Structure formats: structure tokens, C-alpha cells
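S.K.: File final_16.txt follows (compact mmCIF, C-alpha atoms):
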```txt
# COMPACT_ATOMS: atom_id res chain seq x y z
CA MET A 1 -22.16 15.52 -20.87
CA THR A 2 -20.61 14.43 -17.62
CA GLN A 3 -20.48 16.36 -14.45
CA GLY A 4 -16.77 16.12 -14.12
CA GLY A 5 -16.76 15.26 -10.48
CA HIS A 6 -17.29 18.88 -9.53
CA GLU A 7 -20.91 18.61 -8.66
CA GLU A 8 -22.74 16.18 -6.51
CA ARG A 9 -23.51 13.27 -8.75
CA ARG A 10 -25.78 10.29 -8.72
CA ARG A 11 -24.19 6.97 -8.00
CA PRO A 12 -23.71 4.79 -11.04
CA ALA A 13 -25.88 1.77 -11.34
CA PRO A 14 -24.56 -1.48 -9.86
CA LEU A 15 -22.37 -3.39 -12.26
CA PRO A 16 -24.90 -6.17 -12.99
CA GLU A 17 -27.22 -3.48 -14.33
CA LEU A 18 -24.50 -2.13 -16.55
CA VAL A 19 -23.58 -5.46 -18.08
CA ASP A 20 -25.31 -8.81 -18.15
CA GLU A 21 -24.71 -12.30 -19.40
CA VAL A 22 -21.05 -12.37 -18.48
CA SER A 23 -19.11 -15.25 -17.05
CA ALA A 24 -18.00 -15.22 -13.44
CA GLU A 25 -14.40 -14.78 -14.53
CA GLU A 26 -15.22 -11.85 -16.76
CA LEU A 27 -17.46 -10.37 -14.10
CA ALA A 28 -14.59 -10.43 -11.62
CA GLU A 29 -12.39 -8.52 -14.03
CA LEU A 30 -15.13 -6.04 -14.80
CA GLU A 31 -15.74 -5.57 -11.08
CA ARG A 32 -12.11 -4.52 -10.70
CA ILE A 33 -12.57 -1.83 -13.34
CA ASP A 34 -15.96 -0.90 -11.94
CA GLY A 35 -14.35 -0.31 -8.56
CA ILE A 36 -11.63 1.83 -10.08
CA LEU A 37 -14.11 3.93 -12.05
CA ARG A 38 -16.22 4.49 -8.95
CA SER A 39 -13.18 5.65 -7.02
CA VAL A 40 -12.03 8.39 -9.34
CA PRO A 41 -13.62 11.72 -10.17
CA GLY A 42 -14.97 12.15 -13.65
CA PRO A 43 -13.03 13.74 -16.46
CA PRO A 44 -13.99 17.27 -17.48
CA PRO A 45 -17.00 17.38 -19.80
CA ALA A 46 -15.09 18.52 -22.84
CA LEU A 47 -12.22 20.79 -23.65
CA PRO A 48 -13.34 24.42 -23.43
CA PRO A 49 -12.89 26.53 -26.56
CA SER A 50 -9.66 27.97 -25.20
CA LEU A 51 -8.15 24.49 -25.17
CA ARG A 52 -9.50 23.07 -28.41
CA HIS A 53 -6.05 23.44 -29.87
CA PRO A 54 -2.65 23.67 -28.22
CA ALA A 55 -1.10 27.08 -28.04
CA PRO A 56 1.37 27.39 -30.90
CA PRO A 57 4.69 26.15 -29.60
CA ARG A 58 7.07 29.04 -29.60
CA GLU A 59 10.28 27.63 -28.32
CA PRO A 60 11.98 25.45 -30.88
CA VAL A 61 13.29 22.18 -29.57
CA ARG A 62 16.23 22.17 -31.92
CA LEU A 63 17.49 25.48 -33.07
CA TRP A 64 19.19 24.27 -36.20
CA THR A 65 17.34 21.49 -37.91
CA ARG A 66 18.31 20.78 -41.49
CA ARG A 67 15.20 22.49 -42.65
CA ARG A 68 15.90 25.60 -40.62
CA VAL A 69 19.40 25.74 -41.94
CA ALA A 70 18.01 25.46 -45.44
CA VAL A 71 15.47 28.17 -44.72
CA ALA A 72 18.12 30.43 -43.22
CA VAL A 73 20.36 29.92 -46.23
CA ALA A 74 17.46 30.56 -48.57
CA LEU A 75 16.46 33.67 -46.67
CA ALA A 76 20.03 34.90 -46.67
CA ALA A 77 20.23 34.34 -50.41
CA VAL A 78 16.96 36.15 -50.95
CA LEU A 79 18.08 39.02 -48.77
CA SER A 80 21.37 39.27 -50.60
CA ALA A 81 19.59 39.33 -53.92
CA LEU A 82 17.26 41.96 -52.63
CA PHE A 83 20.03 44.16 -51.32
CA PHE A 84 21.93 43.93 -54.55
CA GLY A 85 19.08 43.90 -57.01
CA LEU A 86 15.62 44.34 -55.69
CA GLY A 87 16.40 46.03 -52.44
CA THR A 88 15.05 49.36 -53.40
CA ARG A 89 11.63 47.83 -53.78
CA PHE A 90 11.21 47.47 -50.09
CA THR A 91 13.67 49.82 -48.54
CA GLY A 92 13.23 52.92 -50.63
CA GLY A 93 10.89 55.26 -48.83
CA ASP A 94 8.85 52.44 -47.34
CA ASP A 95 7.71 52.70 -43.74
CA PHE A 96 7.28 48.94 -43.42
CA ASN A 97 9.83 47.45 -41.05
CA ALA A 98 10.83 44.41 -43.10
CA ASN A 99 13.62 42.09 -42.25
CA ALA A 100 13.04 39.75 -45.19
CA ALA A 101 11.41 39.88 -48.57
CA ILE A 102 10.39 37.18 -50.97
CA GLN A 103 9.79 37.68 -54.64
CA MET A 104 6.80 35.74 -55.96
CA ASP A 105 6.84 34.62 -59.57
CA ALA A 106 3.89 34.29 -61.88
CA THR A 107 2.88 30.85 -63.05
CA LYS A 108 1.53 30.16 -66.50
CA ASN A 109 -1.92 30.90 -65.05
CA ALA A 110 -1.13 34.55 -64.42
CA LYS A 111 1.48 35.60 -66.91
CA GLY A 112 2.77 39.09 -66.30
CA ALA A 113 1.83 39.15 -62.63
CA SER A 114 4.35 39.56 -59.84
CA ALA A 115 4.38 40.10 -56.12
CA LEU A 116 6.70 40.82 -53.27
CA ILE A 117 6.15 39.61 -49.72
CA LYS A 118 7.80 41.65 -47.00
CA LEU A 119 8.13 39.99 -43.65
CA GLY A 120 8.34 41.98 -40.46
CA PRO A 121 10.19 40.71 -37.40
CA ALA A 122 8.35 38.36 -35.06
CA ASP A 123 7.11 39.95 -31.86
CA ALA A 124 7.49 38.40 -28.41
CA SER A 125 4.42 36.26 -29.00
CA GLY A 126 5.66 34.93 -32.30
CA ASN A 127 3.40 37.05 -34.47
CA ARG A 128 4.82 38.80 -37.49
CA THR A 129 3.38 41.23 -39.96
CA LEU A 130 3.61 40.57 -43.65
CA ARG A 131 2.87 42.94 -46.46
CA LEU A 132 2.09 41.76 -49.96
CA SER A 133 2.65 44.06 -52.90
CA VAL A 134 1.12 42.60 -56.02
CA SER A 135 0.65 43.74 -59.58
CA GLY A 136 -0.51 42.25 -62.84
CA LEU A 137 -3.37 40.17 -61.46
CA LYS A 138 -6.75 40.74 -63.05
CA PRO A 139 -9.45 42.36 -60.94
CA LEU A 140 -11.99 39.65 -60.17
CA PRO A 141 -15.76 39.93 -60.53
CA ASP A 142 -17.59 41.40 -57.58
CA GLY A 143 -17.43 38.93 -54.66
CA GLY A 144 -14.27 37.25 -55.88
CA TYR A 145 -10.95 37.51 -54.12
CA TYR A 146 -7.39 36.27 -54.11
CA ILE A 147 -5.88 34.20 -51.33
CA LEU A 148 -2.30 34.09 -50.11
CA TRP A 149 -1.45 30.64 -48.75
CA LEU A 150 1.39 28.84 -47.16
CA ALA A 151 1.58 25.50 -48.94
CA LYS A 152 3.17 22.26 -47.93
CA GLY A 153 3.66 19.82 -50.74
CA LYS A 154 0.60 20.31 -52.89
CA ASP A 155 -1.64 21.11 -49.95
CA TYR A 156 -2.92 24.52 -49.07
CA ALA A 157 -1.73 24.29 -45.50
CA ALA A 158 -2.42 27.72 -44.01
CA THR A 159 -4.18 30.87 -45.10
CA CYS A 160 -2.38 34.16 -44.65
CA GLY A 161 -5.17 36.36 -45.91
CA THR A 162 -7.37 37.39 -48.77
CA PHE A 163 -7.17 40.43 -50.99
CA SER A 164 -8.66 42.09 -54.02
CA VAL A 165 -6.73 43.98 -56.65
CA GLY A 166 -7.33 47.14 -58.57
CA PRO A 167 -5.42 48.69 -61.40
CA GLY A 168 -1.68 49.07 -60.82
CA GLU A 169 -0.03 47.79 -57.66
CA THR A 170 -2.07 46.59 -54.71
CA GLU A 171 -0.83 46.23 -51.17
CA ALA A 172 -2.34 44.04 -48.48
CA GLN A 173 -1.06 43.47 -44.97
CA TRP A 174 -1.76 40.80 -42.36
CA THR A 175 -0.40 39.44 -39.11
CA VAL A 176 0.44 35.75 -39.06
CA SER A 177 1.89 33.38 -36.50
CA TYR A 178 3.01 30.47 -38.64
CA ARG A 179 6.47 28.97 -38.48
CA LEU A 180 7.67 29.30 -42.03
CA ALA A 181 9.93 26.31 -41.59
CA ASP A 182 6.81 24.16 -41.55
CA TYR A 183 5.90 25.05 -45.12
CA ASP A 184 7.37 24.79 -48.58
CA ALA A 185 5.97 27.66 -50.56
CA TRP A 186 3.94 30.83 -50.69
CA VAL A 187 1.18 30.66 -53.27
CA VAL A 188 -1.63 32.88 -54.47
CA THR A 189 -4.90 31.46 -55.77
CA ALA A 190 -8.22 33.01 -56.78
CA ARG A 191 -11.72 32.36 -55.52
CA LEU A 192 -14.43 33.29 -57.98
CA PRO A 193 -17.88 34.36 -56.82
CA ASN A 194 -20.84 32.01 -57.07
CA GLU A 195 -18.68 29.00 -57.76
CA PRO A 196 -18.08 26.04 -55.48
CA ARG A 197 -14.72 26.04 -53.77
CA PRO A 198 -12.32 24.24 -56.09
CA GLU A 199 -10.36 21.41 -54.51
CA ASN A 200 -7.13 22.33 -56.22
CA PRO A 201 -7.31 25.91 -57.40
CA PRO A 202 -4.52 26.74 -59.83
CA TRP A 203 -1.53 28.60 -58.48
CA LEU A 204 -1.20 32.08 -59.89
CA LEU A 205 1.90 33.24 -58.06
CA LYS A 206 4.42 31.18 -56.16
CA ALA A 207 7.64 31.45 -54.21
CA ARG A 208 9.59 28.75 -52.49
CA ILE A 209 10.30 29.14 -48.81
CA MET B 210 1.85 -0.75 -32.10
CA ALA B 211 0.65 -0.74 -28.47
CA THR B 212 -0.79 2.51 -27.23
CA THR B 213 2.00 2.94 -24.69
CA GLU B 214 4.63 2.54 -27.40
CA ARG B 215 2.64 4.85 -29.63
CA ASP B 216 2.66 7.53 -26.93
CA ALA B 217 6.39 7.14 -26.49
CA VAL B 218 6.95 7.53 -30.21
CA LEU B 219 4.77 10.63 -30.21
CA ILE B 220 6.89 12.19 -27.48
CA GLU B 221 10.08 11.34 -29.29
CA ARG B 222 8.78 12.79 -32.52
CA THR B 223 7.68 15.90 -30.63
CA GLY B 224 11.22 16.17 -29.35
CA GLU B 225 12.35 16.26 -32.95
CA GLY B 226 10.06 19.18 -33.62
CA ASP B 227 7.21 17.25 -35.22
CA ARG B 228 4.12 19.39 -34.70
CA ASP B 229 1.73 16.73 -35.93
CA ALA B 230 2.98 14.39 -33.23
CA PHE B 231 2.68 17.17 -30.69
CA GLU B 232 -0.91 17.85 -31.70
CA GLU B 233 -1.77 14.16 -31.48
CA LEU B 234 -0.30 14.05 -28.00
CA TYR B 235 -2.41 17.05 -27.16
CA ARG B 236 -5.57 15.37 -28.41
CA ARG B 237 -4.84 12.29 -26.37
CA PHE B 238 -3.84 13.92 -23.11
CA ALA B 239 -5.40 17.38 -22.92
CA ARG B 240 -8.49 16.19 -21.10
CA PRO B 241 -6.64 14.15 -18.48
CA VAL B 242 -4.33 17.11 -17.86
CA LEU B 243 -7.27 19.49 -17.57
CA ALA B 244 -9.05 17.09 -15.23
CA MET B 245 -6.03 16.90 -12.95
CA ALA B 246 -5.56 20.67 -13.04
CA LEU B 247 -9.21 21.27 -12.20
CA ARG B 248 -9.05 18.92 -9.24
CA GLN B 249 -5.89 20.46 -7.86
CA LEU B 250 -6.46 24.10 -8.65
CA GLY B 251 -10.24 24.21 -8.38
CA ASP B 252 -10.47 27.07 -10.79
CA ASN B 253 -11.33 26.82 -14.46
CA GLY B 254 -9.17 29.68 -15.65
CA ARG B 255 -6.04 28.59 -13.83
CA ALA B 256 -6.65 24.97 -14.78
CA GLU B 257 -6.81 25.94 -18.44
CA ASP B 258 -3.61 27.96 -18.05
CA ALA B 259 -1.93 25.01 -16.38
CA THR B 260 -3.00 22.78 -19.25
CA GLN B 261 -1.44 25.13 -21.75
CA ASP B 262 1.66 25.39 -19.55
CA THR B 263 1.88 21.61 -19.52
CA PHE B 264 1.93 21.27 -23.26
CA ALA B 265 4.31 24.18 -23.68
CA ALA B 266 6.62 22.28 -21.32
CA VAL B 267 6.05 19.07 -23.28
CA TRP B 268 7.13 20.84 -26.45
CA ARG B 269 10.21 22.28 -24.76
CA SER B 270 11.35 19.19 -22.96
CA ALA B 271 10.21 16.26 -25.08
CA ARG B 272 13.80 15.70 -26.14
CA SER B 273 14.65 14.76 -22.58
CA TYR B 274 12.22 11.83 -22.57
CA ARG B 275 13.79 8.38 -22.50
CA GLN B 276 11.64 5.29 -22.95
CA ASP B 277 13.92 3.22 -20.76
CA ARG B 278 13.29 5.49 -17.79
CA GLY B 279 9.53 5.12 -17.67
CA SER B 280 6.31 5.11 -19.59
CA ALA B 281 5.19 8.00 -21.73
CA SER B 282 2.12 8.39 -19.59
CA ALA B 283 4.21 8.69 -16.42
CA TRP B 284 6.45 11.26 -18.05
CA LEU B 285 3.48 13.33 -19.16
CA TYR B 286 1.95 13.02 -15.72
CA ALA B 287 5.13 14.37 -14.16
CA VAL B 288 5.27 17.27 -16.59
CA ALA B 289 1.62 18.11 -15.91
CA ARG B 290 2.09 17.85 -12.15
CA HIS B 291 4.98 20.29 -12.23
CA ALA B 292 3.05 22.74 -14.38
CA ILE B 293 0.06 22.54 -12.04
CA ILE B 294 2.21 22.99 -8.95
CA ASP B 295 3.81 26.03 -10.55
CA ARG B 296 0.37 27.47 -11.19
CA ALA B 297 -0.71 26.68 -7.64
CA ARG B 298 2.32 28.55 -6.27
CA GLN B 299 1.25 31.64 -8.14
CA ARG B 300 -1.94 31.80 -6.15
CA VAL B 301 -2.06 34.63 -3.66
CA GLU B 302 -3.38 33.13 -0.45
CA PRO B 303 -5.09 35.41 2.03
CA ALA B 304 -3.33 35.55 5.35
CA ALA B 305 -5.01 33.18 7.73
CA GLU B 306 -4.12 31.13 10.74
CA ALA B 307 -3.94 27.39 10.27
CA PRO B 308 -6.88 25.58 11.85
CA ASP B 309 -5.99 23.68 15.00
CA ILE B 310 -8.19 20.69 14.24
CA PRO B 311 -6.98 17.81 12.09
CA SER B 312 -7.99 17.95 8.47
CA GLY B 313 -10.30 15.23 7.24
CA GLU B 314 -8.49 15.21 3.91
CA ASP B 315 -6.13 12.48 2.81
CA GLY B 316 -2.45 12.96 3.44
CA PRO B 317 -0.08 13.94 0.64
CA GLU B 318 0.84 10.35 -0.13
CA ALA B 319 -2.74 9.23 -0.47
CA GLN B 320 -3.54 12.30 -2.53
CA ALA B 321 -0.64 11.57 -4.84
CA GLU B 322 -1.81 7.98 -5.28
CA ALA B 323 -5.35 9.10 -5.99
CA SER B 324 -4.10 11.67 -8.45
CA TRP B 325 -1.99 9.10 -10.29
CA LEU B 326 -4.91 6.66 -10.43
CA SER B 327 -7.22 9.34 -11.80
CA TRP B 328 -4.62 10.23 -14.39
CA ARG B 329 -4.31 6.62 -15.46
CA VAL B 330 -8.06 6.20 -15.72
CA HIS B 331 -8.62 9.42 -17.61
CA SER B 332 -5.76 8.70 -19.99
CA ALA B 333 -7.14 5.23 -20.60
CA LEU B 334 -10.60 6.62 -21.22
CA GLU B 335 -9.19 8.83 -23.95
CA ARG B 336 -7.98 5.72 -25.72
CA LEU B 337 -11.39 4.11 -25.88
CA PRO B 338 -13.50 4.37 -28.99
CA GLU B 339 -15.77 7.37 -28.61
CA ARG B 340 -18.94 5.25 -28.51
CA GLU B 341 -17.64 3.24 -25.57
CA ARG B 342 -16.17 6.18 -23.70
CA VAL B 343 -19.42 8.12 -23.88
CA VAL B 344 -21.57 5.37 -22.36
CA LEU B 345 -19.09 4.87 -19.52
CA GLU B 346 -18.90 8.56 -18.74
CA LEU B 347 -22.66 8.86 -18.74
CA ALA B 348 -23.06 5.84 -16.50
CA TYR B 349 -20.28 6.54 -14.03
CA TRP B 350 -20.04 10.30 -13.82
CA SER B 351 -23.44 11.52 -14.88
CA GLY B 352 -25.21 8.80 -12.95
CA LEU B 353 -27.52 7.82 -15.77
CA SER B 354 -29.11 4.40 -15.77
CA GLN B 355 -28.61 2.25 -18.82
CA VAL B 356 -32.14 3.07 -19.95
CA GLU B 357 -31.42 6.76 -19.55
CA VAL B 358 -28.15 6.42 -21.44
CA ALA B 359 -29.99 4.65 -24.25
CA SER B 360 -32.59 7.38 -24.33
CA TYR B 361 -29.96 10.14 -24.19
CA LEU B 362 -27.97 8.65 -27.04
CA ASP B 363 -31.05 7.46 -28.90
CA VAL B 364 -29.70 3.94 -29.31
CA PRO B 365 -31.20 0.60 -28.23
CA LEU B 366 -30.62 -0.52 -24.66
CA GLY B 367 -28.82 -3.62 -25.91
CA THR B 368 -26.34 -1.42 -27.74
CA VAL B 369 -25.62 0.53 -24.57
CA LYS B 370 -24.97 -2.68 -22.64
CA THR B 371 -22.73 -4.03 -25.37
CA ARG B 372 -20.72 -0.81 -25.48
CA THR B 373 -20.49 -0.65 -21.70
CA ARG B 374 -19.22 -4.18 -21.48
CA ALA B 375 -16.77 -3.66 -24.33
CA GLY B 376 -15.55 -0.41 -22.82
CA LEU B 377 -15.02 -1.94 -19.39
CA ALA B 378 -13.20 -4.90 -20.91
CA ARG B 379 -10.97 -2.60 -22.92
CA LEU B 380 -10.25 -0.51 -19.84
CA ALA B 381 -9.34 -3.70 -18.00
CA GLY B 382 -6.61 -4.26 -20.53
CA LEU B 383 -5.42 -0.68 -20.42
CA LEU B 384 -5.40 -0.64 -16.63
CA GLU B 385 -3.92 -4.09 -16.27
CA GLU B 386 -1.29 -3.04 -13.77
CA VAL B 387 -3.70 -1.10 -11.58
CA ARG B 388 -4.58 -3.65 -8.93
CA GLU B 389 -6.34 -2.80 -5.77
```
Any chance you could put this one into C-alpha cells?

M.R.:
Amino acid sequence: MTQGGHEERRRPAPLPELVDEVSAEELAELERIDGILRSVPGPPPALPPSLRHPAPPREPVRLWTRRRVAVAVALAAVLSALFFGLGTRFTGGDDFNANAAIQMDATKNAKGASALIKLGPADASGNRTLRLSVSGLKPLPDGGYYILWLAKGKDYAATCGTFSVGPGETEAQWTVSYRLADYDAWVVTARLPNEPRPENPPWLLKARI
Amino acid sequence: MATTERDAVLIERTGEGDRDAFEELYRRFARPVLAMALRQLGDNGRAEDATQDTFAAVWRSARSYRQDRGSASAWLYAVARHAIIDRARQRVEPAAEAPDIPSGEDGPEAQAEASWLSWRVHSALERLPERERVVLELAYWSGLSQVEVASYLDVPLGTVKTRTRAGLARLAGLLEEVRE
């Protein structure tokens, strides 16, 4: 839209052509601003695609916020439970390098279903791999799919990925860069084909973060 | 809440790890930072890197901001300037002898003043309603006449003049302390 001061530009019109019918006092004030605007280079036209959003902050400002402490405690509890009870589900003969696992429980909308999320360690850029092992969900009609979300409150705040299921256990794997401390829960919903996107799709599986 | 106070609150909330506040700061200041980086680095890629560096530094150091030591805008300007200087230092200059004729460019002090003024103006522009900011940018930095602006935006000429006047008046308030 603008030339950003990097190319030769036409001079702006004199102030009286830009505004009219102003009092002498107001004109004097506008002339001050007019002079300032003429003296500075233009702003860049628009943010380029690479700057539409800030890079995800990677360095936490406070290492141990209350929420992080709560998350760490919750993760420790989950890990303990897994080591003592469910541990074999993700350590026995599995090549996935998990350093945490979260059991997802079925809601009343998907009785009999269950899932386990295995979280890999974050790499230097803050990305981590997660693997979802799910069973008991019904295969959806052709074109339908399930979605794993990170939810905050009742909002579907971030999408981790989509998957379909077949008979037995299904595994899906994605790389995500979200800070789990920013969210409250993992949830799974379904998207049916040829139907408008529901505003509040029912939760089928859930796990608190 | 005044915009300056609002910016200060945003920095403080960013210091507490509030990502929403950080993203709002980004929306308000990314263009002024990019504009400054482009002017000083003269290279789109490095200017974009410097902009990202600036906001990474904002995220890291927002806790150190104190309202009683200066305005939010001045603090952000300082953070951006450091990030841009760091990027400029990374540039590999070809070996060359310094010219033995005086440069026609402004001295460092004048350049710093001009840079600060541009920052103030660009930051203030970001606070204008979009409809007012657009007509000012078209008039001042694209060199369009009011008739051309009206045609470009497909709005009546009277609307363009009203928005221009309102935008200039609003800028006057935002740039109250900038006196020539």
C-alpha cells in the first residue's frame, strides 16, 4: 500500500489540500503533525508472512509458575502411575522415546473407548513428538475423522492432529510445539463428513493436563 | 486506560508469562520494529530476523521493565535497537578503505534522533483506527492526492478528508511531546 520510504516517492499534497475548513488554531496543530510526518520515512507496507505472528517464545520468563508446578506435579503423578500400573503400555517393546504418558478417558459419548498419549522430549526448537494410541472409537463414514485438541476452558484452543480409526488399536503420531502449561486438557472430538462444523462438538475422550 | 499505560501493562503481563499480552504487544509494535530494522539494516531478511530477535528479547526480559524508569514505548525502542545492532554486527563487511571525503550523512546523534522520531511516529500510527491510518499512509508515503486516495479506497472524497483530519488530530495527541 505504501512505499515504505525505500523507493523514491511523490511528495504528499500540501496540508490545505489534505484538510479543509479548520480553524487557524487547529491548522497550526495539524501543521506540526504534517511537518513530522513529512520528515520521517514511511512504515513498511505490511508485515511479511514470516512476521504475521511472533515466533513462539521458547524461554520461559518464570521457570516455576504455580501452573507449571501444578503441571509438573500432575506429570509426576501420571508418570508414577504409569510406572507402577500402566507403564508396560508404553515401555514394553515400544520404540517411541516417551518421557511422559497421559491416559485419556472416555466420556459418556464414547463409552468403551480409551487412549494413551505418549509425549517425546522437546527438541532444541521446542518441538516434541506425540503418539496417540486409541481404541474403542467407532470408524467414521468415509471423509470423517477424529481430532485431538488441546483445550483451554471449554475452548478448542489448539489442534494437535487428525486421525481415523480402524478395528482394534490405532496409532497416530504428530509433532507439536505447544506449551502444555497453556492448556487445561487433551480432548478428542469427531468431524463427520458432509456436515457443517459444529461449534461445540462433544468430547469423546479427555484427559486433564 | 491511556495507550501508554496500556502498553506498560502489556509488558508487565508479558513479564508474568502472559502470551496473550505478548501477542498484543507484537501486533502493536511489530511494524514499527520492522520499519526501524529495514532502515538500519537495509535488507529484508535481516530486518525480519531482527524483528523476531526483538520480540524474543521482549519475552525474555519483560520482567525487567519498570514503569517508573520510562515509557513502555521507550523500553521497546531500546530493546529493538539492541536487537538491530546485534544483527548489524553479524554482517560480514568486505574489506575496504574508508573514503577520505566527508560523508554527507547525518552524524550519529542526528541519526539517533531521527530514528527515535520515526519510532514514535510509526508506533503512534499503529494506534490509529485502521481507516484513519490508511488514508494518512496513502497520502504521506504513497504520495496519493486526496482524490486518488478516495478512488483507491472507493470512498467519497469528503470521507477521505474527514479521516485525514481526524487521523492528524489524533496523532497530534499521541505525539504531544514531540515538538520541533

S.K.: Please report as a ChimeraX atom specification which residues of chain B come no farther than 8 Å from chain A, using only C-alpha atoms.

M.R.: /B:224-226,232,235,239-241,243-244,257,261,264-265,268-270,272,323,326-327,330-331,346-355,370-371,373-374,377-378,380-381,384,388-389

S.K.: Mind giving me the straight-line distance from CA of Ala106 (chain A) to CA of Leu205 (chain A) in Å, one decimal?

M.R.: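 Between CA of Ala106 (chain A) and CA of Leu205 (chain A) the gap is 4.4 Å.
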
S.K.: Mind giving me the straight-line distance from CA of Leu383 (chain B) to CA of Ala333 (chain B) in Å, one decimal?

M.R.: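 Going from CA of Leu383 (chain B) over to CA of Ala333 (chain B) covers 6.2 Å.
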
S.K.: Quick one, how far is CA of Gly143 (chain A) from CA of Asn194 (chain A)?

M.R.: 8.1 Å

S.K.: Pick out the residues sitting within 10 Å of Ala297 (chain B), and hand them over as an mmCIF file with C-alpha atoms, keeping the file's coordinate frame; count only C-alpha atoms, and ignore anything fewer than 2 positions along from it in its own chain.

M.R.:
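Contents of out_15.cif, as written:
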```cif
data_model
loop_
_atom_site.group_PDB
_atom_site.id
_atom_site.type_symbol
_atom_site.label_atom_id
_atom_site.label_comp_id
_atom_site.auth_asym_id
_atom_site.auth_seq_id
_atom_site.Cartn_x
_atom_site.Cartn_y
_atom_site.Cartn_z
ATOM 1 C CA ALA B 246 -5.560 20.670 -13.040
ATOM 2 C CA GLN B 249 -5.890 20.460 -7.860
ATOM 3 C CA LEU B 250 -6.460 24.100 -8.650
ATOM 4 C CA GLY B 251 -10.240 24.210 -8.380
ATOM 5 C CA ARG B 255 -6.040 28.590 -13.830
ATOM 6 C CA ALA B 256 -6.650 24.970 -14.780
ATOM 7 C CA ALA B 259 -1.930 25.010 -16.380
ATOM 8 C CA HIS B 291 4.980 20.290 -12.230
ATOM 9 C CA ALA B 292 3.050 22.740 -14.380
ATOM 10 C CA ILE B 293 0.060 22.540 -12.040
ATOM 11 C CA ILE B 294 2.210 22.990 -8.950
ATOM 12 C CA ASP B 295 3.810 26.030 -10.550
ATOM 13 C CA GLN B 299 1.250 31.640 -8.140
ATOM 14 C CA ARG B 300 -1.940 31.800 -6.150
ATOM 15 C CA VAL B 301 -2.060 34.630 -3.660
#
```

S.K.: Within 12 Å of (-9.8, 19.7, -51.0) (file coordinates; only C-alpha atoms), which protein or nucleic acid residues are there? I'd like them as a ChimeraX atom specification.

M.R.: /A:154-157,196-201

S.K.: Rank B:Arg215, B:Val242, B:Ile220, B:Val364 by their smallest atom-to-atom distance to Arg275 (chain B), using all atoms listed in the file, and report the top residue only.

M.R.: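 Closest candidate: B:Ile220.
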